[in-house]
$ cat structure.tsv   # TSV, C-alpha atoms
chain	number	residue	atom	x	y	z
I	1	PRO	CA	-13.34	1.83	-37.37
I	2	ALA	CA	-12.89	-1.22	-39.56
I	3	ASN	CA	-9.18	-1.52	-38.79
I	4	GLN	CA	-9.84	-1.58	-35.05
I	5	GLU	CA	-12.58	-4.21	-35.39
I	6	GLN	CA	-10.27	-6.34	-37.50
I	7	ALA	CA	-7.48	-5.94	-34.92
I	8	GLU	CA	-9.83	-6.96	-32.11
I	9	GLY	CA	-10.90	-10.01	-34.08
I	10	ASN	CA	-7.28	-10.97	-34.64
I	11	VAL	CA	-6.54	-10.67	-30.94
I	12	CYS	CA	-9.46	-12.96	-30.11
I	13	LEU	CA	-8.25	-15.54	-32.62
I	14	LEU	CA	-4.77	-15.31	-31.15
I	15	LEU	CA	-6.09	-15.87	-27.65
I	16	GLN	CA	-8.15	-18.84	-28.77
I	17	LEU	CA	-5.09	-20.33	-30.46
I	18	HIS	CA	-3.05	-19.76	-27.32
I	19	SER	CA	-5.70	-21.49	-25.22
I	20	TYR	CA	-5.69	-24.50	-27.54
I	21	LEU	CA	-1.90	-24.77	-27.51
I	22	GLN	CA	-1.85	-24.40	-23.75
I	23	GLN	CA	-4.34	-27.18	-23.20
I	24	ASN	CA	-2.12	-29.41	-25.30
I	25	SER	CA	1.01	-28.57	-23.27
I	26	PHE	CA	2.74	-26.46	-25.92
I	27	PHE	CA	3.23	-23.68	-23.34
I	28	PRO	CA	4.29	-25.36	-20.10
I	29	ASP	CA	4.96	-22.06	-18.32
I	30	LYS	CA	1.42	-20.87	-19.00
I	31	MET	CA	2.51	-17.26	-19.39
I	32	PHE	CA	0.96	-14.81	-21.82
I	33	ARG	CA	2.04	-11.28	-22.61
I	34	LEU	CA	-0.61	-9.17	-24.33
I	35	VAL	CA	0.16	-5.74	-25.76
I	36	PHE	CA	-2.39	-3.59	-27.55
I	37	ALA	CA	-0.55	-1.75	-30.30
I	38	LEU	CA	-3.31	0.71	-31.16
I	39	THR	CA	-3.86	4.13	-29.63
I	40	SER	CA	-7.18	3.28	-27.98
I	41	PRO	CA	-7.94	0.52	-25.45
I	42	LEU	CA	-9.34	-2.66	-26.96
I	43	LEU	CA	-11.82	-3.58	-24.28
I	44	SER	CA	-13.61	-6.10	-26.46
I	45	ALA	CA	-10.28	-7.85	-26.97
I	46	VAL	CA	-9.84	-8.00	-23.21
I	47	GLN	CA	-13.21	-9.71	-23.03
I	48	CYS	CA	-11.77	-12.50	-25.19
I	49	LEU	CA	-9.62	-13.48	-22.20
I	50	SER	CA	-12.52	-15.61	-21.03
I	51	SER	CA	-11.26	-18.36	-23.32
I	52	LEU	CA	-8.03	-18.72	-21.32
I	53	GLN	CA	-9.24	-20.84	-18.42
I	54	PHE	CA	-5.84	-22.54	-18.09
I	55	LEU	CA	-3.81	-19.33	-18.02
I	56	GLU	CA	-1.71	-18.80	-14.88
I	57	ARG	CA	0.09	-15.51	-15.62
I	58	LEU	CA	-1.22	-12.59	-17.65
I	59	ASP	CA	0.67	-9.38	-18.41
I	60	LEU	CA	-1.46	-6.43	-19.58
I	61	SER	CA	1.04	-3.76	-18.52
I	62	TYR	CA	2.05	-0.77	-20.65
I	63	ASN	CA	-1.17	-0.57	-22.60
I	64	LEU	CA	-3.69	2.26	-22.71
I	65	LEU	CA	-6.34	0.60	-20.61
I	66	ARG	CA	-8.73	3.06	-18.97
I	67	GLY	CA	-11.04	0.39	-17.62
I	68	LEU	CA	-11.84	-3.30	-17.56
I	69	PRO	CA	-15.08	-5.05	-18.55
I	70	TRP	CA	-16.98	-6.26	-15.50
I	71	ASP	CA	-16.70	-9.88	-16.66
I	72	PHE	CA	-13.16	-9.85	-18.07
I	73	SER	CA	-11.96	-12.40	-15.49
I	74	HIS	CA	-15.02	-14.60	-15.65
I	75	SER	CA	-13.25	-17.76	-16.86
I	76	LEU	CA	-9.70	-17.09	-15.65
I	77	SER	CA	-10.03	-19.66	-12.90
I	78	SER	CA	-6.34	-20.68	-12.93
I	79	LEU	CA	-4.84	-17.19	-13.01
I	80	GLN	CA	-2.15	-16.70	-10.35
I	81	GLU	CA	-0.47	-13.47	-11.47
I	82	LEU	CA	-2.02	-10.43	-13.14
I	83	ARG	CA	-0.08	-7.36	-14.24
I	84	LEU	CA	-2.07	-4.21	-15.00
I	85	ASP	CA	0.67	-1.72	-14.17
I	86	HIS	CA	1.50	1.34	-16.29
I	87	ASN	CA	-1.97	1.82	-17.75
I	88	LEU	CA	-4.52	4.62	-17.43
I	89	LEU	CA	-6.89	3.15	-14.86
I	90	GLN	CA	-8.55	5.78	-12.65
I	91	HIS	CA	-11.06	3.74	-10.68
I	92	VAL	CA	-11.25	0.07	-9.74
I	93	ALA	CA	-14.79	-1.20	-9.22
I	94	SER	CA	-14.28	-4.96	-9.17
I	95	LEU	CA	-11.79	-7.51	-10.42
I	96	GLY	CA	-14.31	-10.31	-10.28
I	97	GLU	CA	-13.75	-13.77	-8.85
I	98	LEU	CA	-10.09	-14.73	-9.11
I	99	ASP	CA	-9.76	-17.25	-6.31
I	100	SER	CA	-6.34	-18.48	-7.45
I	101	LEU	CA	-4.75	-15.06	-7.92
I	102	ARG	CA	-1.67	-14.54	-5.75
I	103	LYS	CA	0.01	-11.50	-7.30
I	104	LEU	CA	-1.73	-8.34	-8.51
I	105	ASP	CA	0.16	-5.34	-9.86
I	106	LEU	CA	-1.87	-2.15	-10.29
I	107	SER	CA	1.08	0.19	-9.89
I	108	TYR	CA	1.65	3.36	-11.90
I	109	ASN	CA	-1.86	3.96	-13.11
I	110	HIS	CA	-3.99	7.01	-12.24
I	111	ILE	CA	-6.12	5.25	-9.63
I	112	GLN	CA	-7.85	7.74	-7.34
I	113	SER	CA	-10.41	5.42	-5.77
I	114	MET	CA	-11.34	1.78	-5.34
I	115	ASP	CA	-14.72	0.36	-4.38
I	116	VAL	CA	-14.69	-1.29	-0.97
I	117	GLY	CA	-15.61	-4.57	-2.67
I	118	ALA	CA	-13.06	-4.30	-5.47
I	119	LEU	CA	-10.86	-7.09	-4.05
I	120	VAL	CA	-13.52	-9.28	-2.45
I	121	GLY	CA	-13.02	-12.08	-4.99
I	122	LEU	CA	-9.25	-12.23	-4.46
I	123	SER	CA	-9.06	-14.24	-1.25
I	124	SER	CA	-5.72	-15.94	-2.11
I	125	LEU	CA	-3.84	-12.72	-2.82
I	126	SER	CA	-0.34	-12.58	-1.28
I	127	VAL	CA	1.23	-9.60	-3.10
I	128	LEU	CA	-0.62	-6.37	-3.94
I	129	SER	CA	1.14	-3.41	-5.54
I	130	LEU	CA	-0.66	-0.07	-5.75
I	131	GLU	CA	2.45	2.10	-5.94
I	132	GLY	CA	2.52	5.27	-8.00
I	133	ASN	CA	-1.20	6.02	-8.03
I	134	ARG	CA	-3.35	8.82	-6.57
I	135	LEU	CA	-5.05	7.13	-3.63
I	136	GLU	CA	-5.76	9.46	-0.70
I	137	VAL	CA	-7.29	7.14	1.91
I	138	LEU	CA	-6.76	3.50	2.84
I	139	ARG	CA	-10.35	2.56	3.65
I	140	GLU	CA	-11.78	0.03	6.05
I	141	GLY	CA	-13.16	-2.99	4.24
I	142	LEU	CA	-11.00	-2.72	1.13
I	143	LEU	CA	-8.74	-5.55	2.35
I	144	SER	CA	-11.38	-7.47	4.29
I	145	ARG	CA	-10.77	-10.73	2.39
I	146	GLN	CA	-6.99	-10.49	2.17
I	147	GLN	CA	-6.06	-12.56	5.23
I	148	ARG	CA	-3.27	-14.18	3.20
I	149	LEU	CA	-1.73	-10.92	2.02
I	150	GLU	CA	2.01	-10.78	2.72
I	151	VAL	CA	3.16	-7.69	0.78
I	152	LEU	CA	1.23	-4.42	0.43
I	153	LYS	CA	2.92	-1.66	-1.56
I	154	LEU	CA	1.23	1.74	-1.28
I	155	GLY	CA	4.27	3.93	-1.86
I	156	HIS	CA	4.11	7.17	-3.82
I	157	ASN	CA	0.39	7.80	-3.60
I	158	ASN	CA	-1.37	10.72	-1.86
I	159	VAL	CA	-2.42	8.74	1.23
I	160	SER	CA	-3.00	11.07	4.18
I	161	LEU	CA	-5.31	8.82	6.21
I	162	ILE	CA	-5.39	5.15	7.18
I	163	GLU	CA	-8.79	4.34	8.61
I	164	ALA	CA	-8.83	2.67	12.02
I	165	GLU	CA	-9.68	-0.89	10.94
I	166	ALA	CA	-8.14	-0.84	7.46
I	167	LEU	CA	-5.21	-3.10	8.38
I	168	THR	CA	-6.99	-5.40	10.84
I	169	PRO	CA	-7.58	-8.37	8.47
I	170	LEU	CA	-3.91	-8.61	7.45
I	171	ARG	CA	-2.69	-11.40	9.74
I	172	LYS	CA	0.20	-12.52	7.50
I	173	LEU	CA	1.54	-9.17	6.31
I	174	THR	CA	5.34	-9.04	6.23
I	175	LEU	CA	5.81	-5.72	4.36
I	176	LEU	CA	3.77	-2.50	4.37
I	177	SER	CA	5.24	0.27	2.25
I	178	LEU	CA	3.82	3.75	2.87
I	179	ARG	CA	6.80	5.84	1.82
I	180	GLY	CA	6.27	8.84	-0.41
I	181	ASN	CA	2.70	9.66	0.63
I	182	GLN	CA	1.07	12.62	2.43
I	183	LEU	CA	1.06	11.29	5.99
I	184	THR	CA	1.61	13.92	8.69
I	185	HIS	CA	0.48	11.75	11.61
I	186	VAL	CA	-0.39	8.10	12.13
I	187	LYS	CA	-2.31	6.49	14.98
I	188	PHE	CA	-0.52	3.86	17.01
I	189	LYS	CA	-3.68	1.79	17.47
I	190	THR	CA	-4.13	1.59	13.69
I	191	LEU	CA	-0.74	-0.07	13.22
I	192	LEU	CA	-1.14	-2.16	16.36
I	193	LYS	CA	-4.09	-3.84	14.61
I	194	LEU	CA	-1.46	-5.65	12.54
I	195	GLN	CA	-1.44	-8.81	14.62
I	196	THR	CA	1.28	-10.53	12.62
I	197	THR	CA	4.41	-12.51	13.38
I	198	SER	CA	6.67	-9.83	11.88
I	199	THR	CA	5.86	-6.80	9.71
I	200	HIS	CA	8.38	-4.40	8.19
I	201	LEU	CA	7.18	-0.80	7.69
I	202	HIS	CA	8.48	1.77	5.20
I	203	MET	CA	7.46	5.23	6.41
I	204	SER	CA	9.96	7.75	5.00
I	205	SER	CA	9.37	10.58	2.48
I	206	ASN	CA	6.14	11.75	4.10
I	207	PRO	CA	5.51	15.33	5.34
I	208	TRP	CA	5.61	14.35	9.03
I	209	PHE	CA	4.58	16.89	11.68
I	210	CYS	CA	7.11	16.16	14.40
I	211	ASP	CA	5.31	17.03	17.63
I	212	CYS	CA	5.31	15.14	20.91
I	213	GLU	CA	2.48	12.93	19.73
I	214	LEU	CA	4.37	11.72	16.66
I	215	GLN	CA	7.45	10.99	18.77
I	216	ARG	CA	5.30	9.05	21.20
I	217	VAL	CA	3.66	7.03	18.39
I	218	PHE	CA	6.93	6.08	16.74
I	219	GLY	CA	8.44	5.30	20.13
I	220	LYS	CA	5.61	2.86	20.83
I	221	ILE	CA	5.82	1.30	17.37
I	222	ARG	CA	9.51	0.64	17.82
I	223	ARG	CA	8.85	-1.10	21.12
I	224	VAL	CA	6.35	-3.51	19.59
I	225	ARG	CA	8.24	-6.74	18.94
I	226	HIS	CA	6.60	-7.63	15.63
I	227	LEU	CA	6.71	-4.15	14.04
I	228	HIS	CA	9.92	-2.92	12.41
I	229	VAL	CA	10.33	0.55	10.88
I	230	ASP	CA	13.11	-0.25	8.43
I	231	ASP	CA	13.72	3.34	7.35
I	232	TYR	CA	13.29	5.07	10.73
I	233	GLU	CA	16.62	6.89	10.31
I	234	ASP	CA	15.22	8.44	7.11
I	235	VAL	CA	11.95	9.72	8.61
I	236	VAL	CA	12.38	13.48	8.16
I	237	CYS	CA	10.30	16.25	9.73
I	238	HIS	CA	8.38	18.57	7.44
I	239	ALA	CA	6.91	20.68	10.26
I	240	PRO	CA	6.92	22.59	12.57
I	241	ALA	CA	9.35	25.05	11.08
I	242	GLN	CA	11.92	24.59	13.87
I	243	GLN	CA	12.23	20.89	12.98
I	244	THR	CA	12.06	21.03	9.20
I	245	GLY	CA	14.80	18.90	7.72
I	246	HIS	CA	15.65	17.13	10.99
I	247	THR	CA	15.18	13.40	11.27
I	248	LEU	CA	12.76	12.13	13.87
I	249	ALA	CA	15.53	9.95	15.23
I	250	SER	CA	17.61	13.04	16.01
I	251	LEU	CA	14.81	14.34	18.24
I	252	ASP	CA	14.59	11.21	20.37
I	253	THR	CA	16.46	12.79	23.29
I	254	ARG	CA	14.70	16.15	23.17
I	255	LEU	CA	11.83	17.27	25.38
I	256	TYR	CA	8.90	19.08	23.78
I	257	THR	CA	6.72	21.53	25.64
I	258	HIS	CA	3.69	23.43	24.45
I	259	THR	CA	4.14	27.19	24.55
I	260	ARG	CA	1.65	29.63	23.04
I	261	GLY	CA	0.37	27.01	20.62
I	262	ILE	CA	3.83	26.24	19.15
I	263	TRP	CA	5.87	23.11	19.74
I	264	ASN	CA	9.44	23.99	20.74
I	265	PRO	CA	12.33	21.66	21.55
I	266	LEU	CA	14.35	22.40	24.69
I	267	THR	CA	17.56	21.54	22.93
I	268	GLU	CA	19.90	22.97	25.58
I	269	PHE	CA	18.89	20.54	28.30
I	270	GLN	CA	19.95	17.00	28.94
I	271	VAL	CA	16.73	14.98	29.10
I	272	GLU	CA	16.20	11.63	30.77
I	273	LEU	CA	13.09	9.54	31.22
I	274	ALA	CA	12.01	9.35	34.83
I	275	PRO	CA	12.74	5.97	36.42
I	276	ARG	CA	9.17	5.56	37.68
I	277	ARG	CA	6.65	4.33	35.15
I	278	GLY	CA	3.32	6.12	34.99
I	279	ASP	CA	4.64	9.52	36.13
I	280	ILE	CA	3.40	12.52	34.20
I	281	CYS	CA	4.91	15.83	33.20
I	282	SER	CA	4.94	18.29	36.08
I	283	ALA	CA	3.86	21.10	33.77
I	284	ARG	CA	0.53	19.28	33.27
I	285	THR	CA	0.32	20.58	29.72
I	286	HIS	CA	0.14	17.07	28.27
I	287	THR	CA	-0.76	14.62	30.97
I	288	ASP	CA	-0.40	11.60	28.69
I	289	LEU	CA	3.33	12.21	28.25
I	290	PRO	CA	5.85	10.39	30.44
I	291	CYS	CA	7.65	12.37	33.11
I	292	PHE	CA	11.05	13.77	32.17
I	293	LEU	CA	13.93	14.83	34.42
I	294	VAL	CA	15.65	17.92	33.06
I	295	ARG	CA	19.12	18.86	34.19
$ encode --input "structure.tsv" --output "structure tokens"
Amino acid sequence: PANQEQAEGNVCLLLQLHSYLQQNSFFPDKMFRLVFALTSPLLSAVQCLSSLQFLERLDLSYNLLRGLPWDFSHSLSSLQELRLDHNLLQHVASLGELDSLRKLDLSYNHIQSMDVGALVGLSSLSVLSLEGNRLEVLREGLLSRQQRLEVLKLGHNNVSLIEAEALTPLRKLTLLSLRGNQLTHVKFKTLLKLQTTSTHLHMSSNPWFCDCELQRVFGKIRRVRHLHVDDYEDVVCHAPAQQTGHTLASLDTRLYTHTRGIWNPLTEFQVELAPRRGDICSARTHTDLPCFLVR
């Protein structure tokens, strides 16, 4: 449509003007807020961003973007912050080479999947927000170049699986938010791969299955000096039925045994950990559990 083509042309002229003014120090903060006022995404206008090589912060939030041109970031060599939140993105293939980018906000889109190499060109990234999307798996390799990442927000997705090596590259991570996902279990070794100085974990509002294994995992996590579950008191059991609505913290002093395939708490006994390390349960039902003395 002629009106749309004219609008796209106007946006390109505006961006070129902004670039000229920026080079001549008219905009010392080097911030640009771009809003598409039409009902369809103006991808060709996004392509005009290549003229903004001095831009440091770009806000494309609250538009109707369903995708990004493969070369949209080609000349954004100075970009440090990019906001793409509250759009209609469903898949992220690649964000190109943005070596200076430190903050990326992809929250509250419809993202269901990301290519393993989607973030390869973002080696300086320190803050990544993917909250409020539809991701189901945190895959190995997705964060392979994010050794400088400090904050990873994955809250309110559909994540039910964190692959074994997915967190391994994150040597500087200080915050990992996983609240509001579909996690029923988590592997201790997966989180132990976070070899950081100090990492705070947000784990509440997941449908946790509170069996002996989950208690054991959280118990180990809480004994690791550099891992801190900030919302442990709010980790609530979704299953089995006997524990629904109880916090995991309230089960810390209960002994679980396996009877006829159902996990049942022996809530009427006082339970203490045996003083000898390495002892195992006398019932031999789960030989990896520590020995308990029941009075």
$ residues_around --input "structure.tsv" --residues "Leu154 in chain I" --least-positions-apart "5" --cutoff "7 Å" --atoms "all atoms listed in the file" --output "number ranges by chain"
I: 129-131, 177-178
$ atom_distance --input "structure.tsv" --atom1 "CA of Leu60 in chain I" --atom2 "CA of Leu149 in chain I"
22.1 Å
$ closest_residue --input "structure.tsv" --among "I:Ser205, I:Asn157, I:Gln112, I:Thr168" --to "Thr190 in chain I" --atoms "all atoms listed in the file"
I:Thr168
$ residues_around --input "structure.tsv" --residues "range 206-209 of chain I" --least-positions-apart "3" --cutoff "7 Å" --atoms "only C-alpha atoms" --output "ChimeraX atom specification"
/I:179-185,236-240
$ residues_around --input "structure.tsv" --residues "Leu138 in chain I" --least-positions-apart "4" --cutoff "8 Å" --atoms "all atoms listed in the file" --output "number ranges by chain"
I: 142, 159, 161-163, 166
$ residues_near_point --input "structure.tsv" --point "(4.7, -14.2, 15.7)" --cutoff "12 Å" --atoms "only C-alpha atoms" --output "list in words"
Arg171, Lys172, Leu173, Thr174, Leu194, Gln195, Thr196, Thr197, Ser198, Thr199, Val224, Arg225, His226 and Leu227 of chain I
$ write_last_selection --input "structure.tsv" --atoms "C-alpha atoms" --output "short mmCIF file (atom, residue, chain, number, x, y, z; two decimals), in the frame of the given file"
data_model
loop_
_atom_site.label_atom_id
_atom_site.label_comp_id
_atom_site.auth_asym_id
_atom_site.auth_seq_id
_atom_site.Cartn_x
_atom_site.Cartn_y
_atom_site.Cartn_z
CA ARG I 171 -2.69 -11.40 9.74
CA LYS I 172 0.20 -12.52 7.50
CA LEU I 173 1.54 -9.17 6.31
CA THR I 174 5.34 -9.04 6.23
CA LEU I 194 -1.46 -5.65 12.54
CA GLN I 195 -1.44 -8.81 14.62
CA THR I 196 1.28 -10.53 12.62
CA THR I 197 4.41 -12.51 13.38
CA SER I 198 6.67 -9.83 11.88
CA THR I 199 5.86 -6.80 9.71
CA VAL I 224 6.35 -3.51 19.59
CA ARG I 225 8.24 -6.74 18.94
CA HIS I 226 6.60 -7.63 15.63
CA LEU I 227 6.71 -4.15 14.04
#
$ atom_distance --input "structure.tsv" --atom1 "CA of Ser73 in chain I" --atom2 "CA of Leu52 in chain I"
9.5 Å
$ residues_near_point --input "structure.tsv" --point "(0.2, 6.6, -11.5)" --cutoff "6 Å" --atoms "all atoms listed in the file" --output "PyMOL selection string"
chain I and resi 108-110+132-133
$ residues_around --input "structure.tsv" --residues "Gly67 in chain I" --least-positions-apart "2" --cutoff "7 Å" --atoms "only C-alpha atoms" --output "NGL selection string"
:I and (65 or 69 or 89)
$ closest_residue --input "structure.tsv" --among "I:Leu214, I:Ile221, I:Leu95, I:Met203" --to "Val235 in chain I" --atoms "all atoms listed in the file"
I:Met203
$ atom_distance --input "structure.tsv" --atom1 "CA of Gln146 in chain I" --atom2 "CA of Ser77 in chain I"
17.9 Å
$ closest_residue --input "structure.tsv" --among "I:Ser124, I:Ser61, I:Gln215, I:Ser160" --to "Glu136 in chain I" --atoms "all atoms listed in the file"
I:Ser160
